[in-house]
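Coordinates as given in start07.txt (compact mmCIF, C-alpha atoms):
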# COMPACT_ATOMS: atom_id res chain seq x y z
CA MET A 1 13.81 23.29 21.15
CA THR A 2 12.36 20.12 19.74
CA TRP A 3 12.16 19.56 16.00
CA VAL A 4 8.40 19.49 16.18
CA ALA A 5 8.33 23.09 17.35
CA MET A 6 10.80 24.31 14.73
CA LYS A 7 9.77 25.92 11.49
CA PRO A 8 10.49 23.70 8.49
CA GLU A 9 13.13 26.02 7.03
CA GLN A 10 15.11 26.00 10.28
CA LEU A 11 15.79 22.31 9.97
CA PRO A 12 19.02 21.18 8.36
CA SER A 13 18.46 20.22 4.75
CA HIS A 14 19.21 16.84 3.19
CA ASP A 15 18.95 15.00 6.44
CA PRO A 16 17.82 11.38 6.42
CA GLY A 17 14.20 10.71 5.59
CA ASP A 18 13.40 9.60 9.12
CA SER A 19 12.67 13.18 10.17
CA LEU A 20 9.81 13.41 7.67
CA ILE A 21 7.09 12.91 10.26
CA GLU A 22 8.56 15.55 12.57
CA ARG A 23 8.68 17.99 9.68
CA LEU A 24 5.11 17.21 8.71
CA HIS A 25 4.11 17.97 12.30
CA SER A 26 5.86 21.32 12.16
CA VAL A 27 4.14 22.22 8.88
CA GLN A 28 0.78 21.28 10.36
CA LEU A 29 1.54 23.30 13.49
CA LEU A 30 2.23 26.32 11.31
CA HIS A 31 -0.73 26.07 8.93
CA GLY A 32 -3.28 23.96 10.80
CA TYR A 33 -3.08 21.43 7.97
CA LEU A 34 -0.68 20.25 5.26
CA PRO A 35 -1.06 22.49 2.20
CA ARG A 36 0.05 20.79 -1.04
CA GLN A 37 2.54 23.55 -1.74
CA GLU A 38 4.21 23.00 1.63
CA LEU A 39 4.40 19.26 0.98
CA GLN A 40 6.09 20.01 -2.31
CA GLN A 41 8.57 22.35 -0.60
CA LEU A 42 9.22 19.72 2.04
CA ALA A 43 9.87 17.05 -0.58
CA ILE A 44 12.31 19.34 -2.39
CA SER A 45 14.14 20.40 0.76
CA MET A 46 14.44 16.81 1.96
CA ALA A 47 15.28 15.47 -1.51
CA ARG A 48 12.46 12.92 -1.25
CA PRO A 49 9.97 11.98 -3.99
CA LEU A 50 6.61 13.77 -3.87
CA SER A 51 4.63 10.54 -3.73
CA GLU A 52 6.66 9.29 -0.75
CA VAL A 53 5.92 12.47 1.24
CA MET A 54 2.26 12.27 0.29
CA GLY A 55 2.16 8.57 1.12
CA VAL A 56 3.33 9.25 4.66
CA ALA A 57 1.16 12.37 5.11
CA SER A 58 -1.99 10.60 3.94
CA PHE A 59 -1.35 7.46 6.03
CA TYR A 60 -1.71 9.11 9.44
CA HIS A 61 -5.14 10.28 10.57
CA LEU A 62 -3.60 13.09 12.62
CA PHE A 63 -2.27 14.80 9.51
CA ARG A 64 -4.89 16.94 7.79
CA LEU A 65 -4.67 17.39 4.05
CA ASP A 66 -7.54 19.90 3.94
CA PRO A 67 -7.96 23.15 5.89
CA PRO A 68 -9.62 22.53 9.26
CA PRO A 69 -13.11 23.90 9.91
CA PRO A 70 -13.27 27.22 11.84
CA HIS A 71 -14.03 25.38 15.08
CA ARG A 72 -12.55 22.07 16.06
CA CYS A 73 -15.00 19.69 17.65
CA VAL A 74 -14.05 16.24 18.94
CA VAL A 75 -16.73 13.91 20.27
CA CYS A 76 -15.77 11.22 22.76
CA ARG A 77 -16.79 7.70 21.81
CA GLY A 78 -15.55 6.06 25.01
CA THR A 79 -17.72 3.50 26.76
CA ALA A 80 -19.18 5.89 29.35
CA CYS A 81 -19.97 8.52 26.70
CA PHE A 82 -21.46 5.88 24.45
CA VAL A 83 -23.76 4.69 27.23
CA ARG A 84 -24.72 8.26 28.07
CA GLY A 85 -25.73 9.08 24.49
CA ALA A 86 -22.64 10.01 22.44
CA GLU A 87 -24.43 8.63 19.37
CA ARG A 88 -27.35 11.04 19.92
CA LEU A 89 -24.86 13.86 20.35
CA GLU A 90 -23.17 12.94 17.05
CA ALA A 91 -26.54 12.80 15.33
CA ALA A 92 -27.43 16.24 16.68
CA LEU A 93 -24.13 17.70 15.46
CA ARG A 94 -24.55 16.07 12.06
CA GLN A 95 -28.06 17.48 11.80
CA ARG A 96 -26.68 20.96 12.44
CA GLY A 97 -23.95 20.50 9.84
CA VAL A 98 -21.14 20.70 12.39
CA ALA A 99 -17.92 19.05 11.23
CA PHE A 100 -16.52 16.93 14.03
CA GLU A 101 -14.00 14.22 14.74
CA THR A 102 -14.29 11.35 17.15
CA THR A 103 -11.92 9.92 19.70
CA SER A 104 -11.84 7.18 22.27
CA CYS A 105 -12.00 7.84 26.03
CA MET A 106 -10.77 11.27 27.13
CA GLY A 107 -10.85 10.42 30.82
CA ALA A 108 -13.76 12.69 31.70
CA CYS A 109 -16.26 9.87 32.12
CA GLY A 110 -17.95 11.59 35.10
CA GLN A 111 -19.27 14.28 32.75
CA ALA A 112 -20.22 11.91 29.91
CA PRO A 113 -21.12 12.46 27.17
CA VAL A 114 -18.30 14.93 26.54
CA LEU A 115 -16.83 16.72 23.58
CA VAL A 116 -13.90 19.08 23.13
CA VAL A 117 -14.65 22.35 21.40
CA ASP A 118 -11.61 24.36 20.36
CA GLY A 119 -9.50 22.68 23.00
CA ALA A 120 -11.96 23.10 25.88
CA LEU A 121 -13.87 20.22 27.38
CA ALA A 122 -17.63 20.65 27.12
CA MET A 123 -20.58 18.65 28.34
CA GLY A 124 -22.50 17.05 25.54
CA GLN A 125 -25.53 19.30 25.46
CA PRO A 126 -25.76 20.17 21.76
CA GLU A 127 -27.73 23.36 22.45
CA ALA A 128 -24.87 24.63 24.63
CA LEU A 129 -22.42 24.78 21.72
CA PRO A 130 -21.23 28.33 20.95
CA TRP A 131 -22.66 28.39 17.41
CA ALA A 132 -25.93 26.64 18.16
CA MET B 1 35.76 -19.25 3.45
CA THR B 2 33.14 -18.49 6.04
CA GLY B 3 30.21 -20.74 6.81
CA ALA B 4 27.73 -18.15 5.56
CA GLN B 5 29.02 -18.48 2.01
CA LEU B 6 28.44 -22.23 1.77
CA PRO B 7 25.34 -23.43 -0.02
CA VAL B 8 22.60 -24.69 2.28
CA ARG B 9 20.53 -27.84 2.02
CA LEU B 10 16.88 -27.82 2.77
CA SER B 11 13.91 -30.04 2.16
CA ILE B 12 11.01 -28.72 0.10
CA ASN B 13 7.99 -31.04 -0.18
CA GLY B 14 10.28 -33.95 0.67
CA LEU B 15 12.76 -33.00 -2.04
CA VAL B 16 16.30 -32.19 -0.91
CA VAL B 17 17.30 -28.89 -2.49
CA GLU B 18 20.61 -27.08 -2.46
CA ALA B 19 20.46 -23.31 -2.51
CA ALA B 20 22.86 -20.40 -2.18
CA ALA B 21 23.08 -19.14 1.40
CA GLU B 22 21.72 -15.70 0.43
CA ALA B 23 18.81 -17.12 -1.61
CA THR B 24 15.20 -16.60 -0.61
CA LEU B 25 12.91 -19.52 -0.04
CA LEU B 26 10.97 -18.62 -3.17
CA GLN B 27 14.14 -18.78 -5.28
CA ALA B 28 14.95 -22.19 -3.80
CA ILE B 29 11.41 -23.44 -4.47
CA ARG B 30 11.45 -22.26 -8.07
CA SER B 31 14.98 -23.51 -8.79
CA ALA B 32 13.81 -26.94 -7.61
CA GLY B 33 11.16 -26.82 -10.33
CA LEU B 34 8.33 -26.35 -7.83
CA GLN B 35 5.68 -23.67 -7.94
CA VAL B 36 3.90 -21.43 -5.48
CA PRO B 37 1.50 -18.75 -6.70
CA THR B 38 2.68 -15.13 -6.39
CA LEU B 39 1.26 -11.75 -7.35
CA CYS B 40 3.37 -9.03 -5.76
CA HIS B 41 6.67 -10.82 -6.41
CA LEU B 42 8.49 -10.00 -9.61
CA ASP B 43 12.03 -11.06 -10.47
CA GLY B 44 14.14 -7.92 -10.67
CA LEU B 45 12.23 -6.02 -7.98
CA THR B 46 12.70 -6.00 -4.21
CA PRO B 47 10.32 -8.53 -2.65
CA VAL B 48 7.78 -7.06 -0.23
CA GLY B 49 5.61 -9.98 0.88
CA ALA B 50 2.40 -8.05 0.24
CA CYS B 51 0.10 -10.54 -1.49
CA ARG B 52 0.59 -13.42 1.00
CA LEU B 53 0.08 -16.03 -1.72
CA CYS B 54 3.56 -17.55 -1.36
CA LEU B 55 3.02 -18.46 2.32
CA VAL B 56 4.67 -21.75 3.18
CA VAL B 57 4.84 -24.07 6.19
CA ILE B 58 8.26 -24.36 7.84
CA GLU B 59 8.42 -27.32 10.21
CA GLY B 60 9.16 -26.33 13.78
CA HIS B 61 8.24 -22.71 13.08
CA PRO B 62 5.03 -21.49 14.74
CA LYS B 63 3.68 -19.40 11.86
CA LEU B 64 3.41 -19.42 8.09
CA GLU B 65 6.04 -17.37 6.29
CA PRO B 66 5.97 -15.69 2.87
CA ALA B 67 8.59 -17.51 0.80
CA CYS B 68 9.58 -14.38 -1.16
CA VAL B 69 10.98 -12.57 1.89
CA THR B 70 12.22 -15.55 3.91
CA ALA B 71 15.88 -16.54 3.74
CA VAL B 72 16.82 -20.17 3.30
CA ALA B 73 18.53 -21.94 6.18
CA ASP B 74 20.36 -25.21 6.46
CA GLY B 75 18.11 -28.10 7.47
CA MET B 76 14.87 -26.20 6.84
CA VAL B 77 11.90 -28.48 6.13
CA VAL B 78 9.39 -26.64 3.97
CA HIS B 79 5.96 -27.56 2.61
CA THR B 80 4.48 -25.43 -0.15
CA HIS B 81 1.13 -27.19 -0.53
CA THR B 82 -0.86 -28.42 2.46
CA PRO B 83 -4.65 -28.40 2.84
CA GLU B 84 -4.26 -25.44 5.22
CA LEU B 85 -2.14 -23.45 2.74
CA ASP B 86 -4.48 -24.26 -0.14
CA THR B 87 -7.40 -22.92 1.90
CA TYR B 88 -5.57 -19.74 2.88
CA ARG B 89 -4.39 -19.09 -0.67
CA ARG B 90 -7.89 -19.48 -2.00
CA MET B 91 -9.20 -17.16 0.68
CA ALA B 92 -6.55 -14.56 -0.17
CA VAL B 93 -7.52 -14.65 -3.84
CA GLU B 94 -11.22 -14.44 -2.93
CA LEU B 95 -10.44 -11.37 -0.84
CA PHE B 96 -8.65 -9.76 -3.78
CA PHE B 97 -11.75 -10.22 -5.89
CA ALA B 98 -14.15 -9.08 -3.16
CA GLU B 99 -12.07 -6.00 -2.35
CA GLY B 100 -11.90 -4.42 -5.81
CA ASN B 101 -14.13 -4.30 -8.86
CA HIS B 102 -12.69 -7.03 -11.05
CA VAL B 103 -14.89 -7.58 -14.07
CA CYS B 104 -12.91 -9.77 -16.46
CA ALA B 105 -15.37 -9.49 -19.34
CA VAL B 106 -14.68 -5.78 -19.87
CA CYS B 107 -11.06 -5.70 -18.69
CA VAL B 108 -8.09 -4.85 -20.92
CA ALA B 109 -6.06 -7.63 -19.30
CA ASN B 110 -8.62 -10.42 -19.80
CA GLY B 111 -6.63 -13.50 -20.77
CA ALA B 112 -3.29 -11.96 -19.83
CA CYS B 113 -4.10 -11.19 -16.20
CA GLU B 114 -2.05 -12.67 -13.38
CA LEU B 115 -4.91 -12.33 -10.90
CA GLN B 116 -7.10 -14.33 -13.25
CA ALA B 117 -4.35 -16.94 -13.68
CA VAL B 118 -3.85 -17.23 -9.92
CA ALA B 119 -7.60 -17.63 -9.40
CA VAL B 120 -7.52 -20.55 -11.83
CA GLU B 121 -4.40 -21.96 -10.17
CA VAL B 122 -5.89 -21.99 -6.66
CA GLY B 123 -9.25 -23.22 -7.92
CA MET B 124 -11.26 -20.11 -7.09
CA ASP B 125 -14.48 -19.86 -9.07
CA HIS B 126 -16.41 -17.53 -6.76
CA SER B 127 -15.82 -15.48 -3.64
CA ARG B 128 -17.42 -16.47 -0.36
CA PHE B 129 -16.83 -12.95 0.93
CA PRO B 130 -19.31 -10.20 0.17
CA TYR B 131 -18.17 -8.01 -2.72
CA GLN B 132 -17.36 -4.51 -1.49
CA TYR B 133 -18.01 -2.71 -4.80
CA PRO B 134 -15.77 0.18 -3.71
CA ARG B 135 -16.25 3.54 -5.38
CA ARG B 136 -12.90 4.21 -7.00
CA GLU B 137 -11.54 6.49 -9.72
CA VAL B 138 -10.09 6.06 -13.17
CA ASP B 139 -7.13 8.33 -13.89
CA ALA B 140 -6.95 8.93 -17.63
CA SER B 141 -5.00 12.21 -17.38
CA HIS B 142 -1.79 10.75 -18.79
CA PRO B 143 -1.46 11.11 -22.57
CA LEU B 144 -0.39 7.48 -23.13
CA PHE B 145 -1.59 5.39 -20.20
CA SER B 146 -4.53 5.06 -17.82
CA LEU B 147 -4.87 3.85 -14.26
CA ASP B 148 -8.11 2.15 -13.31
CA HIS B 149 -8.08 1.92 -9.51
CA HIS B 150 -10.99 -0.54 -9.61
CA ARG B 151 -8.62 -3.22 -10.88
CA CYS B 152 -5.69 -2.41 -8.59
CA ILE B 153 -4.69 -5.08 -6.04
CA LEU B 154 -1.99 -2.88 -4.41
CA CYS B 155 0.83 -5.28 -5.24
CA THR B 156 3.13 -2.21 -5.49
CA ARG B 157 4.99 -3.56 -8.51
CA CYS B 158 4.49 -0.20 -10.25
CA VAL B 159 5.79 1.64 -7.18
CA ARG B 160 8.91 -0.53 -7.06
CA VAL B 161 9.68 -0.62 -10.79
CA CYS B 162 9.33 3.17 -10.99
CA ASP B 163 11.56 3.70 -7.96
CA GLU B 164 14.13 0.94 -8.35
CA ILE B 165 14.55 0.66 -12.11
CA GLU B 166 13.36 3.90 -13.66
CA ALA B 167 14.30 5.91 -10.51
CA ALA B 168 11.46 8.37 -11.13
CA HIS B 169 9.41 7.39 -8.06
CA VAL B 170 6.18 8.69 -9.51
CA TRP B 171 4.11 6.17 -7.56
CA ASP B 172 3.66 5.41 -3.92
CA VAL B 173 0.98 3.97 -1.66
CA GLY B 174 -1.30 6.57 -0.12
CA TYR B 175 -3.96 6.57 2.61
CA ARG B 176 -4.75 3.45 4.61
CA GLY B 177 -7.16 0.60 5.18
CA SER B 178 -9.94 0.26 2.66
CA SER B 179 -9.13 3.73 1.22
CA CYS B 180 -5.56 2.67 0.48
CA SER B 181 -4.60 3.44 -3.11
CA ILE B 182 -1.68 3.94 -5.45
CA ILE B 183 -0.94 7.66 -5.74
CA ALA B 184 1.02 9.64 -8.31
CA GLY B 185 3.01 12.60 -6.98
CA LEU B 186 1.04 14.51 -4.34
CA ASP B 187 -2.04 12.38 -5.09
CA GLN B 188 -2.34 14.34 -8.34
CA PRO B 189 -3.66 13.31 -11.73
CA TRP B 190 -0.91 11.17 -13.28
CA GLY B 191 -0.62 13.44 -16.31
CA GLU B 192 0.33 16.38 -14.05
CA VAL B 193 3.28 14.61 -12.43
CA ALA B 194 6.43 16.05 -13.97
CA ALA B 195 8.59 13.19 -12.62
CA CYS B 196 6.92 10.68 -14.98
CA THR B 197 9.16 9.83 -17.94
CA ASN B 198 6.37 8.06 -19.89
CA CYS B 199 8.54 4.92 -19.92
CA GLY B 200 5.58 2.58 -19.38
CA LYS B 201 7.41 0.14 -17.11
CA CYS B 202 4.62 0.37 -14.54
CA VAL B 203 2.19 -0.68 -17.26
CA ASP B 204 4.48 -3.54 -18.32
CA VAL B 205 4.73 -5.03 -14.83
CA CYS B 206 1.15 -4.47 -13.61
CA PRO B 207 -0.29 -7.95 -12.97
CA THR B 208 -3.88 -6.87 -13.66
CA GLY B 209 -5.56 -4.39 -15.98
CA ALA B 210 -5.14 -1.50 -13.52
CA LEU B 211 -2.41 0.13 -15.60
CA PHE B 212 -2.83 -0.03 -19.34
CA ARG B 213 -2.04 1.67 -22.61
CA LYS B 214 -4.83 3.86 -23.87
CA GLU B 215 -5.01 2.11 -27.22
CA ASP B 216 -5.76 -1.24 -25.56
CA GLY B 217 -9.37 -2.39 -25.58
CA SER B 218 -10.93 -5.36 -23.78
CA GLY B 219 -8.53 -8.31 -23.67
CA GLU B 220 -5.86 -6.45 -25.66
CA LYS B 221 -3.29 -5.69 -22.99
CA GLN B 222 0.11 -7.29 -23.51
CA PRO B 223 2.00 -7.14 -20.23
CA HIS B 224 5.76 -7.58 -20.07
CA PRO B 225 6.58 -8.58 -16.48
CA GLU B 226 9.91 -10.07 -17.65
CA ARG B 227 11.28 -6.61 -18.48
CA ALA B 228 12.12 -5.77 -14.88
CA GLN B 229 14.56 -8.67 -14.66
CA GLN B 230 15.95 -7.97 -18.14
CA LEU B 231 16.74 -4.39 -17.18
CA VAL B 232 18.37 -5.44 -13.92
CA GLU B 233 20.53 -7.96 -15.81
CA ALA B 234 21.47 -5.37 -18.40
CA ARG B 235 22.47 -2.93 -15.68
CA THR B 236 24.34 -5.27 -13.38
CA GLU B 237 25.68 -8.01 -15.65
CA HIS B 238 25.86 -6.12 -18.95
CA HIS B 239 23.77 -8.85 -20.44
CA TRP B 240 21.34 -7.25 -22.83
CA HIS B 241 18.13 -8.77 -23.98
CA ASN B 242 19.17 -8.59 -27.64
CA GLN B 243 22.40 -10.53 -27.10
Would you write the structure of this file as structure tokens?
Amino acid sequence: MTWVAMKPEQLPSHDPGDSLIERLHSVQLLHGYLPRQELQQLAISMARPLSEVMGVASFYHLFRLDPPPPHRCVVCRGTACFVRGAERLEAALRQRGVAFETTSCMGACGQAPVLVVDGALAMGQPEALPWA
Amino acid sequence: MTGAQLPVRLSINGLVVEAAAEATLLQAIRSAGLQVPTLCHLDGLTPVGACRLCLVVIEGHPKLEPACVTAVADGMVVHTHTPELDTYRRMAVELFFAEGNHVCAVCVANGACELQAVAVEVGMDHSRFPYQYPRREVDASHPLFSLDHHRCILCTRCVRVCDEIEAAHVWDVGYRGSSCSIIAGLDQPWGEVAACTNCGKCVDVCPTGALFRKEDGSGEKQPHPERAQQLVEARTEHHWHNQ
């Protein structure tokens, strides 16, 4: 079992600070984001200062400090998707108040513009989204 | 005796200088009576090479190196002031001004500000870069001190003095890029961070008016950057400031 997949309390305590990122991953895997209370627990269990833990957690875009929206939507901003109207797709999502993230090429250029909704690849027809 | 312990000889601006083998280039430059501007460096704290103002030319070396984190070496030929370096230093200071909201006229540190002094030293009277006017916060939650992020240049002196000398580690650097900021605890209001001992060392060493005492008005801040070194000397050499 890798450390990423382990629950934070299963990890040996007082280990060197270089496992901080792995532990942050495991907290995020458990909660979907990094709740402040968990960060505090992590800092205590690793005997690291709070601000150091927060400094690392806030540095990486992949760590979320706020609860994720009910659906996760990632819009591709790769070249093919851009040419095929990813910007219009983003504008349509924004207009509908859908929270989304962006990423570079996902390798599905043949279906451009694409987005990933809750882990499933979807063609970029805004009206086809489940909550539209 | 091993070779590493012997003092080294190097040339700085044509001057032959002898320095201890473990010295940094900045120490060698200053002990020779020469000057390079610095902002993040503070005697008594670990150098980090963040402000890039102490960049120097080392002959035969392909890139500029920050003197504060570069070790001296025998036979090194160093130049601290060339037209190229002067241009880069001025640009760096201009970027500091363009990046934050530095308004000297209403600042607590006016007249006692290291950023202001460095701007004068490098001959910067305006910034050629567009001012960013970032929207930043003022943290006045601490009973004694305030942190005005508008004036912060992210030199991390407060982070280092709090960690290395006070050992409270209240501060760290959070987020990244243009949203990078100094954070207290879990990015909490400073006054809520239990680790803070209210010692005020971060305020003493802050080169600008970002950290200040609440009683200080415009131009009233009295920084004490020398205290970091005094405390280190007291701790390691039992040489107290009052002796």
Subject >> Selection near segment 136-146 of chain B, 8 Å with all atoms listed in the file, sequence-local residues under 6 positions removed, as a PyMOL selection string >> reply: chain B and resi 189-192+198+200+203+210-214
Selection export as a PDB file, in the coordinates of the input, atoms kept: C-alpha atoms:
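Below you can see out14.pdb, which holds the result:
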ATOM      1  CA  PRO B 189      -3.660  13.310 -11.730  1.00  0.00           C
ATOM      2  CA  TRP B 190      -0.910  11.170 -13.280  1.00  0.00           C
ATOM      3  CA  GLY B 191      -0.620  13.440 -16.310  1.00  0.00           C
ATOM      4  CA  GLU B 192       0.330  16.380 -14.050  1.00  0.00           C
ATOM      5  CA  ASN B 198       6.370   8.060 -19.890  1.00  0.00           C
ATOM      6  CA  GLY B 200       5.580   2.580 -19.380  1.00  0.00           C
ATOM      7  CA  VAL B 203       2.190  -0.680 -17.260  1.00  0.00           C
ATOM      8  CA  ALA B 210      -5.140  -1.500 -13.520  1.00  0.00           C
ATOM      9  CA  LEU B 211      -2.410   0.130 -15.600  1.00  0.00           C
ATOM     10  CA  PHE B 212      -2.830  -0.030 -19.340  1.00  0.00           C
ATOM     11  CA  ARG B 213      -2.040   1.670 -22.610  1.00  0.00           C
ATOM     12  CA  LYS B 214      -4.830   3.860 -23.870  1.00  0.00           C
TER      13      LYS B 214
END
Subject >> Residues of chain B within 7 Å of chain A, counting all atoms listed in the file, as a list in words >> reply: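 Here is what falls inside 7 Å: His169, Val170, Trp171, Asp172, Val173, Gly174, Tyr175, Arg176, Ile183, Ala184, Gly185, Leu186 and Asp187 of chain B.
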Export of the given selection (C-alpha atoms) as a PDB file, keeping the file's coordinate frame:
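Saved the output as result34.pdb:
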ATOM      1  CA  HIS B 169       9.410   7.390  -8.060  1.00  0.00           C
ATOM      2  CA  VAL B 170       6.180   8.690  -9.510  1.00  0.00           C
ATOM      3  CA  TRP B 171       4.110   6.170  -7.560  1.00  0.00           C
ATOM      4  CA  ASP B 172       3.660   5.410  -3.920  1.00  0.00           C
ATOM      5  CA  VAL B 173       0.980   3.970  -1.660  1.00  0.00           C
ATOM      6  CA  GLY B 174      -1.300   6.570  -0.120  1.00  0.00           C
ATOM      7  CA  TYR B 175      -3.960   6.570   2.610  1.00  0.00           C
ATOM      8  CA  ARG B 176      -4.750   3.450   4.610  1.00  0.00           C
ATOM      9  CA  ILE B 183      -0.940   7.660  -5.740  1.00  0.00           C
ATOM     10  CA  ALA B 184       1.020   9.640  -8.310  1.00  0.00           C
ATOM     11  CA  GLY B 185       3.010  12.600  -6.980  1.00  0.00           C
ATOM     12  CA  LEU B 186       1.040  14.510  -4.340  1.00  0.00           C
ATOM     13  CA  ASP B 187      -2.040  12.380  -5.090  1.00  0.00           C
TER      14      ASP B 187
END
Original post:
If I put a ball of radius 7 Å at (15.4, -6.8, -9.5) in the file's coordinates, which residues poke into it when counting only C-alpha atoms, written as a PyMOL selection string?
Top reply: chain B and resi 43-46+228-229+232
Just want the 10 Å neighbourhood of Arg135 of chain B, counted on all atoms listed in the file, with same-chain residues fewer than 3 positions away dropped. Output as a PDB file with C-alpha atoms, in the coordinates of the input.
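Result file around_8.pdb:
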ATOM      1  CA  GLY B 100     -11.900  -4.420  -5.810  1.00  0.00           C
ATOM      2  CA  ASN B 101     -14.130  -4.300  -8.860  1.00  0.00           C
ATOM      3  CA  GLN B 132     -17.360  -4.510  -1.490  1.00  0.00           C
ATOM      4  CA  HIS B 149      -8.080   1.920  -9.510  1.00  0.00           C
ATOM      5  CA  HIS B 150     -10.990  -0.540  -9.610  1.00  0.00           C
ATOM      6  CA  SER B 179      -9.130   3.730   1.220  1.00  0.00           C
TER       7      SER B 179
END
Original post:
When you draw a straight line from atom CA of Gly177 of chain B to atom CA of Val116 of chain A, how long is it in Å?
Top reply: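 Atom-to-atom, atom CA of Gly177 of chain B and atom CA of Val116 of chain A are spaced 26.6 Å apart.
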Applying 10 Å and only C-alpha atoms, which residues near Gly217 of chain B remain after dropping the ones on its own chain fewer than 6 positions away? List them as a tab-separated table (two decimals) with C-alpha atoms, in the frame of the given file.
chain	number	residue	atom	x	y	z
B	106	VAL	CA	-14.68	-5.78	-19.87
B	107	CYS	CA	-11.06	-5.70	-18.69
B	108	VAL	CA	-8.09	-4.85	-20.92
B	109	ALA	CA	-6.06	-7.63	-19.30
B	110	ASN	CA	-8.62	-10.42	-19.80
**OP:** To one decimal in Å, tell me the separation between atom CA of His79 of chain B and atom CA of Thr38 of chain B.
**Re:**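 One can read the atom CA of His79 of chain B to atom CA of Thr38 of chain B distance as 15.7 Å.
The space between atom CA of Val77 of chain B and atom CA of Glu121 of chain B spans 24.0 Å.
Residues in contact range of Asp74 of chain B, defined as at most 9 Å between all atoms listed in the file, with sequence neighbours fewer than 6 positions away removed, read Pro7, Val8, Arg9, Leu10 and Ala21 of chain B.
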Subject >> Residue neighbourhood segment 70-75 of chain A, 7 Å, all atoms listed in the file, exclusion window fewer than 3 positions, as a ChimeraX atom specification >> reply: /A:100-103,114-118
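With only C-alpha atoms as the atoms that count, the residue of A:Leu20, A:Met106, A:Ala99, A:Met123 with the shortest distance to Pro68 of chain A is A:Ala99.
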Subject >> Top pick for closest residue to Asp66 of chain A, considering A:Met46, A:Val83, A:Leu34, A:Val98 and counting all atoms listed in the file >> reply: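 When distances to Asp66 of chain A are compared using all atoms listed in the file, the smallest one comes from A:Leu34.
Closest to Ile12 of chain B among B:Glu164, B:Glu59, B:Glu94, B:Glu65 is B:Glu59, based on all atoms listed in the file.
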**OP:** Take the point (-17.2, 13.5, 30.9) as written in the file and pick out every residue within 10 Å of it, counting only C-alpha atoms; give the list as a list in words.
**Re:** Cys76, Gly78, Ala80, Cys81, Arg84, Cys105, Met106, Gly107, Ala108, Cys109, Gly110, Gln111, Ala112, Pro113, Val114, Leu115, Leu121, Ala122, Met123 and Gly124 of chain A
Take the residues just selected and output them with C-alpha atoms as a PDB file, in the frame of the given file.
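Everything below was put into again_36.pdb:
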ATOM      1  CA  CYS A  76     -15.770  11.220  22.760  1.00  0.00           C
ATOM      2  CA  GLY A  78     -15.550   6.060  25.010  1.00  0.00           C
ATOM      3  CA  ALA A  80     -19.180   5.890  29.350  1.00  0.00           C
ATOM      4  CA  CYS A  81     -19.970   8.520  26.700  1.00  0.00           C
ATOM      5  CA  ARG A  84     -24.720   8.260  28.070  1.00  0.00           C
ATOM      6  CA  CYS A 105     -12.000   7.840  26.030  1.00  0.00           C
ATOM      7  CA  MET A 106     -10.770  11.270  27.130  1.00  0.00           C
ATOM      8  CA  GLY A 107     -10.850  10.420  30.820  1.00  0.00           C
ATOM      9  CA  ALA A 108     -13.760  12.690  31.700  1.00  0.00           C
ATOM     10  CA  CYS A 109     -16.260   9.870  32.120  1.00  0.00           C
ATOM     11  CA  GLY A 110     -17.950  11.590  35.100  1.00  0.00           C
ATOM     12  CA  GLN A 111     -19.270  14.280  32.750  1.00  0.00           C
ATOM     13  CA  ALA A 112     -20.220  11.910  29.910  1.00  0.00           C
ATOM     14  CA  PRO A 113     -21.120  12.460  27.170  1.00  0.00           C
ATOM     15  CA  VAL A 114     -18.300  14.930  26.540  1.00  0.00           C
ATOM     16  CA  LEU A 115     -16.830  16.720  23.580  1.00  0.00           C
ATOM     17  CA  LEU A 121     -13.870  20.220  27.380  1.00  0.00           C
ATOM     18  CA  ALA A 122     -17.630  20.650  27.120  1.00  0.00           C
ATOM     19  CA  MET A 123     -20.580  18.650  28.340  1.00  0.00           C
ATOM     20  CA  GLY A 124     -22.500  17.050  25.540  1.00  0.00           C
TER      21      GLY A 124
END
